[in-house]
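Here is the structure we will look at, set down as structure tokens.
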Amino acid sequence: MTAPRITIAPHGGATAIHVDGHPITGVMHWNRHLTRDDARAFADAGVTCFSFIGNIDLGDGGRTFEGNAFQPMTTDFLDASMEAIVSACPNALVIPRLRLIPTTLWLDAHPDETLVMHSIRAGQLTRIPTATPASRLWTQTALERLQSLVEHAERTWPDHILGYHSGFGNCAEHVWFWNHYAGDYTPAMQLAFRDFLRTRYRSDDELRHAWNDPDASLDRATTPPPHAFVGFSPDSLLHPLRDRAVIDFYQCQCHLMASLVTEQAHAVKDTLRRLGRQKLFGAFYAYVSLPANSQSHFAVAHDEHQTVLDCPDLDYLAAPIAYQARQPGGVCHGQVMPGSILCHHKLYYAEDDTGTHLSATRHNVMPASLEQTDNLLRRNFLDAWRSGGTQWFMDLFGEGSFRSPDLMETIRQLTRFAQRHLDDRQSIAQVAVLISDRSLSVSRTLDVLSGSMLELQLQELAAIGAPFDAFRLEDLPQLVSQGRLGQYRLVLLPNAHLIADDLRELIDRHLKADGRTLVWVHAPDVWHQDGLSTEHVCRMTGIRLVPCACTSSMLTETLVTGQRLLYGPHRSVSPRLYGADPDAETLGYGVDATAVPLRQGSDGATLLRKTFPSWTSVWSASPTLPAALLQHFAQDAGVHLYSRRGDHVSAAQNWLAVHAKWDGPLTLHLTPEQAASAWHDAFTDAPVPVAASDHTVTLNLTRGQTVALERKNHTP
């Protein structure tokens, strides 16, 4: 039998895995300790894609610092796992997942390659028993073993290999180390930093000018000291003239980590090309929705997206769904930006590692009942599917978390739903968020601003009662060339501090157009090589703003919804700007605003709106605009809102899903075109009446309940 040709290609308005030219859903079961019974249960539910995991095998018989948590991916282990899957599901397609983590024996033999980080909590340097991602010795060793395993898998299981997934760094997720760490402080990292600087600066004089340091040298540059990352500063952004060494170091870390992703992709695909095979390669990268204010982003290094998105040998990017609001009644959205992955013609694989009622090991949400599990699985899957991605159902600890006939019936229903809507993936979202990954490299770690602008803001955006698409601001050229902007009536720009020169013209010509409303947060376009510029913020927003030296909280109060809303961080945010534009409409004021620059024409305004002939500008000094406020701007912009209660809504051309925020009756507002169709429950087939007078559907729900409605006899 000829090995299948596996590719990623456009389909149904998104991207999909194609097997010999035929699209499949890609819905998968991932299990740390996958058994034949697990594979059979999922195969019976219609899931034929699987993944299992192991540490790269170094042949030394050693273990990693995690002990026996993960098996070495020996050829025997791979073959036994494949045999278990294929015997239960003869048409299975499998992605072996490789953790490129060294054994303790390897580290003992190469002590200089051991990762050294600054522990923020302990306040000291800490040796961590894994390899620094800057180690070229470890990288080459791991890639050689990876290629060897690919060769074995393709010789032994060519008909059943869907692709490969591997990763360096902590948890094999391409991060230095999770949680409260900064660094690293290894000799390998210092050499890598100097190499990076030589590509950026042509001479010592150029480096000295950029760093404002007369003693700086390309040959003697060292990792910035820990206090440069985590010491107290009144500034929320790294300063162009004072903090360039820290910015360069973080960008160096991101570049190294992004390069490791592409090196793996090239290694795997070069091996496959040599064998005459076409299979997938995917990896974790490009996380943006990280827990607010709980870790040092200088240990993450996920902010060089362009290098990874441009890699022709990378087929998919994967990420867990965002963690912090997964509870029943909460919301769901990507930890990455699914729209960006899609517009670069790659696939988004969502990882749902939410526990079930059968889970024993604590990790994130631990549902108390089958009913809670069922509703969470439905909400999470439907959000990933709406975003143009697909998903693996994850038994994170291999505990048999899905070993329930009732739970497998839910998986069966979702699998069938995905198959019915495989040709129906075109986004109908009228709201977009444009997150600047370049701006993340100038955000000060552990400051309140980044978490408020991204993770907390995305939670509010997910509660507006309408779907939204998430892109990088730096993807604006692709959005323009692909004709994607026309569908968006409201665009939120939560962190556009650093805007490249070539993007400004595109923003002016294409984003500020078509009657669109743009919502700017804090200080868009403030960061420039020669300093922080209020003038550029005014030009970008079209609203006159003035700076103020102030250390009070950044709270804003507004009455635009008819009731007083208070939002923003309870801590200081700097730089601090206030509105001073008599031609703009003031919608809100700073609460702690005794130091407003009254003599510069400001009365403490921190939320303003200004209308131009072809667009509307809304500027908020405070981040984390609440859902009710975003709904107000969305309605004025012409966005269709399905619910106003904060419910999580997923919607596509032929289906609509809601995860209830509250107990009691919920009125869903359909569009006139949708209301002209007959609707039914997507999983029970029960008819759902639509009120012809106002195009509404009324449902009586409990908090945390997920309901999906589907057009009867829909056609894509």
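Naming scheme: A, B, ... for chains in displayed order of the structure tokens; residues 1 onward per chain; ligands 1 onward as shown.
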Residues within 9 Å of A:Ala14, only C-alpha atoms, excluding chain neighbours under 5 positions, as a ChimeraX atom specification
/A:9,342-343,345,347,387-389,423-427
Counting only C-alpha atoms, what is within 9 Å of stretch 675-692 of chain A, bar same-chain residues fewer than 2 positions away, as a ChimeraX atom specification?
/A:410,413-414,417,655,669-673,694-698,707-714
The selected residues should be written to file as a PDB file, in the first residue's frame (atoms: N, CA and C atoms).
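So again_29.pdb came out as:
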ATOM      1  N   THR A 410     -21.072  12.173  23.727  1.00  0.00           N
ATOM      2  CA  THR A 410     -20.831  13.594  23.446  1.00  0.00           C
ATOM      3  C   THR A 410     -19.752  13.753  22.383  1.00  0.00           C
ATOM      4  N   GLN A 413     -21.198  12.972  19.023  1.00  0.00           N
ATOM      5  CA  GLN A 413     -22.031  14.061  18.504  1.00  0.00           C
ATOM      6  C   GLN A 413     -21.176  15.203  17.959  1.00  0.00           C
ATOM      7  N   LEU A 414     -20.111  15.553  18.664  1.00  0.00           N
ATOM      8  CA  LEU A 414     -19.248  16.640  18.203  1.00  0.00           C
ATOM      9  C   LEU A 414     -18.490  16.243  16.937  1.00  0.00           C
ATOM     10  N   PHE A 417     -20.898  16.508  14.156  1.00  0.00           N
ATOM     11  CA  PHE A 417     -21.134  17.928  13.884  1.00  0.00           C
ATOM     12  C   PHE A 417     -20.013  18.486  13.025  1.00  0.00           C
ATOM     13  N   TRP A 655     -24.897  27.577  11.861  1.00  0.00           N
ATOM     14  CA  TRP A 655     -25.109  27.110  13.223  1.00  0.00           C
ATOM     15  C   TRP A 655     -24.780  28.224  14.215  1.00  0.00           C
ATOM     16  N   HIS A 669     -30.909  36.733  19.566  1.00  0.00           N
ATOM     17  CA  HIS A 669     -31.382  37.542  18.445  1.00  0.00           C
ATOM     18  C   HIS A 669     -30.712  37.060  17.163  1.00  0.00           C
ATOM     19  N   LEU A 670     -31.493  36.501  16.250  1.00  0.00           N
ATOM     20  CA  LEU A 670     -30.981  36.062  14.966  1.00  0.00           C
ATOM     21  C   LEU A 670     -31.016  37.214  13.972  1.00  0.00           C
ATOM     22  N   THR A 671     -30.242  37.101  12.929  1.00  0.00           N
ATOM     23  CA  THR A 671     -30.348  38.062  11.838  1.00  0.00           C
ATOM     24  C   THR A 671     -31.618  37.755  11.048  1.00  0.00           C
ATOM     25  N   PRO A 672     -32.163  38.716  10.318  1.00  0.00           N
ATOM     26  CA  PRO A 672     -33.356  38.417   9.497  1.00  0.00           C
ATOM     27  C   PRO A 672     -33.131  37.251   8.548  1.00  0.00           C
ATOM     28  N   GLU A 673     -31.926  37.156   7.989  1.00  0.00           N
ATOM     29  CA  GLU A 673     -31.642  36.055   7.057  1.00  0.00           C
ATOM     30  C   GLU A 673     -31.648  34.727   7.793  1.00  0.00           C
ATOM     31  N   ASP A 694     -39.816  39.242  15.901  1.00  0.00           N
ATOM     32  CA  ASP A 694     -38.571  39.933  16.273  1.00  0.00           C
ATOM     33  C   ASP A 694     -37.323  39.076  16.041  1.00  0.00           C
ATOM     34  N   HIS A 695     -37.478  37.966  15.326  1.00  0.00           N
ATOM     35  CA  HIS A 695     -36.336  37.124  14.937  1.00  0.00           C
ATOM     36  C   HIS A 695     -35.586  36.581  16.145  1.00  0.00           C
ATOM     37  N   THR A 696     -36.285  36.192  17.178  1.00  0.00           N
ATOM     38  CA  THR A 696     -35.626  35.730  18.400  1.00  0.00           C
ATOM     39  C   THR A 696     -35.929  34.261  18.673  1.00  0.00           C
ATOM     40  N   VAL A 697     -35.013  33.666  19.419  1.00  0.00           N
ATOM     41  CA  VAL A 697     -35.188  32.332  19.984  1.00  0.00           C
ATOM     42  C   VAL A 697     -35.060  32.476  21.493  1.00  0.00           C
ATOM     43  N   THR A 698     -35.998  31.917  22.240  1.00  0.00           N
ATOM     44  CA  THR A 698     -35.956  31.988  23.694  1.00  0.00           C
ATOM     45  C   THR A 698     -35.659  30.609  24.260  1.00  0.00           C
ATOM     46  N   VAL A 707     -25.745  25.041  24.465  1.00  0.00           N
ATOM     47  CA  VAL A 707     -26.748  24.641  23.482  1.00  0.00           C
ATOM     48  C   VAL A 707     -26.248  25.039  22.109  1.00  0.00           C
ATOM     49  N   ALA A 708     -26.391  24.134  21.139  1.00  0.00           N
ATOM     50  CA  ALA A 708     -26.017  24.422  19.762  1.00  0.00           C
ATOM     51  C   ALA A 708     -27.246  24.278  18.873  1.00  0.00           C
ATOM     52  N   LEU A 709     -27.501  25.311  18.078  1.00  0.00           N
ATOM     53  CA  LEU A 709     -28.616  25.321  17.136  1.00  0.00           C
ATOM     54  C   LEU A 709     -28.056  25.228  15.722  1.00  0.00           C
ATOM     55  N   GLU A 710     -28.830  24.573  14.853  1.00  0.00           N
ATOM     56  CA  GLU A 710     -28.356  24.309  13.502  1.00  0.00           C
ATOM     57  C   GLU A 710     -29.496  24.549  12.526  1.00  0.00           C
ATOM     58  N   ARG A 711     -29.161  25.122  11.382  1.00  0.00           N
ATOM     59  CA  ARG A 711     -30.174  25.262  10.336  1.00  0.00           C
ATOM     60  C   ARG A 711     -30.618  23.880   9.868  1.00  0.00           C
ATOM     61  N   LYS A 712     -31.893  23.714   9.729  1.00  0.00           N
ATOM     62  CA  LYS A 712     -32.421  22.450   9.230  1.00  0.00           C
ATOM     63  C   LYS A 712     -32.104  22.323   7.751  1.00  0.00           C
ATOM     64  N   ASN A 713     -31.539  21.157   7.373  1.00  0.00           N
ATOM     65  CA  ASN A 713     -31.215  20.895   5.967  1.00  0.00           C
ATOM     66  C   ASN A 713     -30.328  21.990   5.388  1.00  0.00           C
ATOM     67  N   HIS A 714     -29.337  22.401   6.156  1.00  0.00           N
ATOM     68  CA  HIS A 714     -28.466  23.481   5.698  1.00  0.00           C
ATOM     69  C   HIS A 714     -27.606  23.021   4.534  1.00  0.00           C
TER      70      HIS A 714
END
Which polymer residues have any atom within 9 Å of an atom of A:Leu608, counting only C-alpha atoms, with same-chain residues fewer than 6 positions away left out, as a short mmCIF file (atom, residue, chain, number, x, y, z; two decimals) with C-alpha atoms, in the first residue's frame?
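The new file around_35.cif reads:
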data_model
loop_
_atom_site.label_atom_id
_atom_site.label_comp_id
_atom_site.auth_asym_id
_atom_site.auth_seq_id
_atom_site.Cartn_x
_atom_site.Cartn_y
_atom_site.Cartn_z
CA ILE A 543 -7.69 62.54 19.07
CA GLY A 579 -7.98 63.49 26.52
CA ASP A 581 -9.83 67.35 22.38
CA ALA A 584 -14.21 64.66 20.54
CA GLU A 585 -17.07 63.30 22.62
CA THR A 586 -16.03 62.56 26.19
CA LEU A 587 -17.51 59.26 27.39
CA GLY A 588 -15.52 58.60 30.56
CA SER A 617 -12.09 56.48 16.61
CA VAL A 618 -12.62 55.40 20.22
CA TRP A 619 -9.71 55.80 22.64
CA SER A 620 -9.54 54.42 26.16
#
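Atom CA of A:Thr271 lies 8.8 Å from atom CA of A:Ser148.
Distances to A:Phe232 were evaluated for A:Gly646, A:Val300, A:Arg444, A:Ser693 using only C-alpha atoms, and the minimum falls at A:Arg444.
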List the spatial neighbours of A:Ala39 as a list in words - criterion: any atom at most 7 Å away, only C-alpha atoms, same-chain residues fewer than 6 positions off excluded.
Ile85, Ala88 and Cys89 of chain A
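Here the question is which of A:Leu207, A:Ala432, A:Leu218, A:Val116 gets nearest to A:Met189 using only C-alpha atoms, and that residue is A:Val116.
By chain and then residue number, the residues within 8 Å of A:Ser259 are His255, Glu263, Thr307 and Val308 of chain A, counting only C-alpha atoms and disregarding those fewer than 4 positions away in sequence.
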Next, dump the selected residues to file, keeping only N, CA and C atoms, as a PDB file, in the first residue's frame.
ATOM      1  N   HIS A 255      13.830  35.118  19.160  1.00  0.00           N
ATOM      2  CA  HIS A 255      14.401  34.686  17.891  1.00  0.00           C
ATOM      3  C   HIS A 255      14.974  33.274  18.010  1.00  0.00           C
ATOM      4  N   GLU A 263      13.791  25.015  12.837  1.00  0.00           N
ATOM      5  CA  GLU A 263      14.806  23.975  12.650  1.00  0.00           C
ATOM      6  C   GLU A 263      14.188  22.584  12.740  1.00  0.00           C
ATOM      7  N   THR A 307       8.606  34.698  12.010  1.00  0.00           N
ATOM      8  CA  THR A 307       9.544  33.654  11.602  1.00  0.00           C
ATOM      9  C   THR A 307       8.844  32.305  11.499  1.00  0.00           C
ATOM     10  N   VAL A 308       8.000  32.005  12.467  1.00  0.00           N
ATOM     11  CA  VAL A 308       7.314  30.720  12.493  1.00  0.00           C
ATOM     12  C   VAL A 308       6.208  30.671  11.442  1.00  0.00           C
TER      13      VAL A 308
END
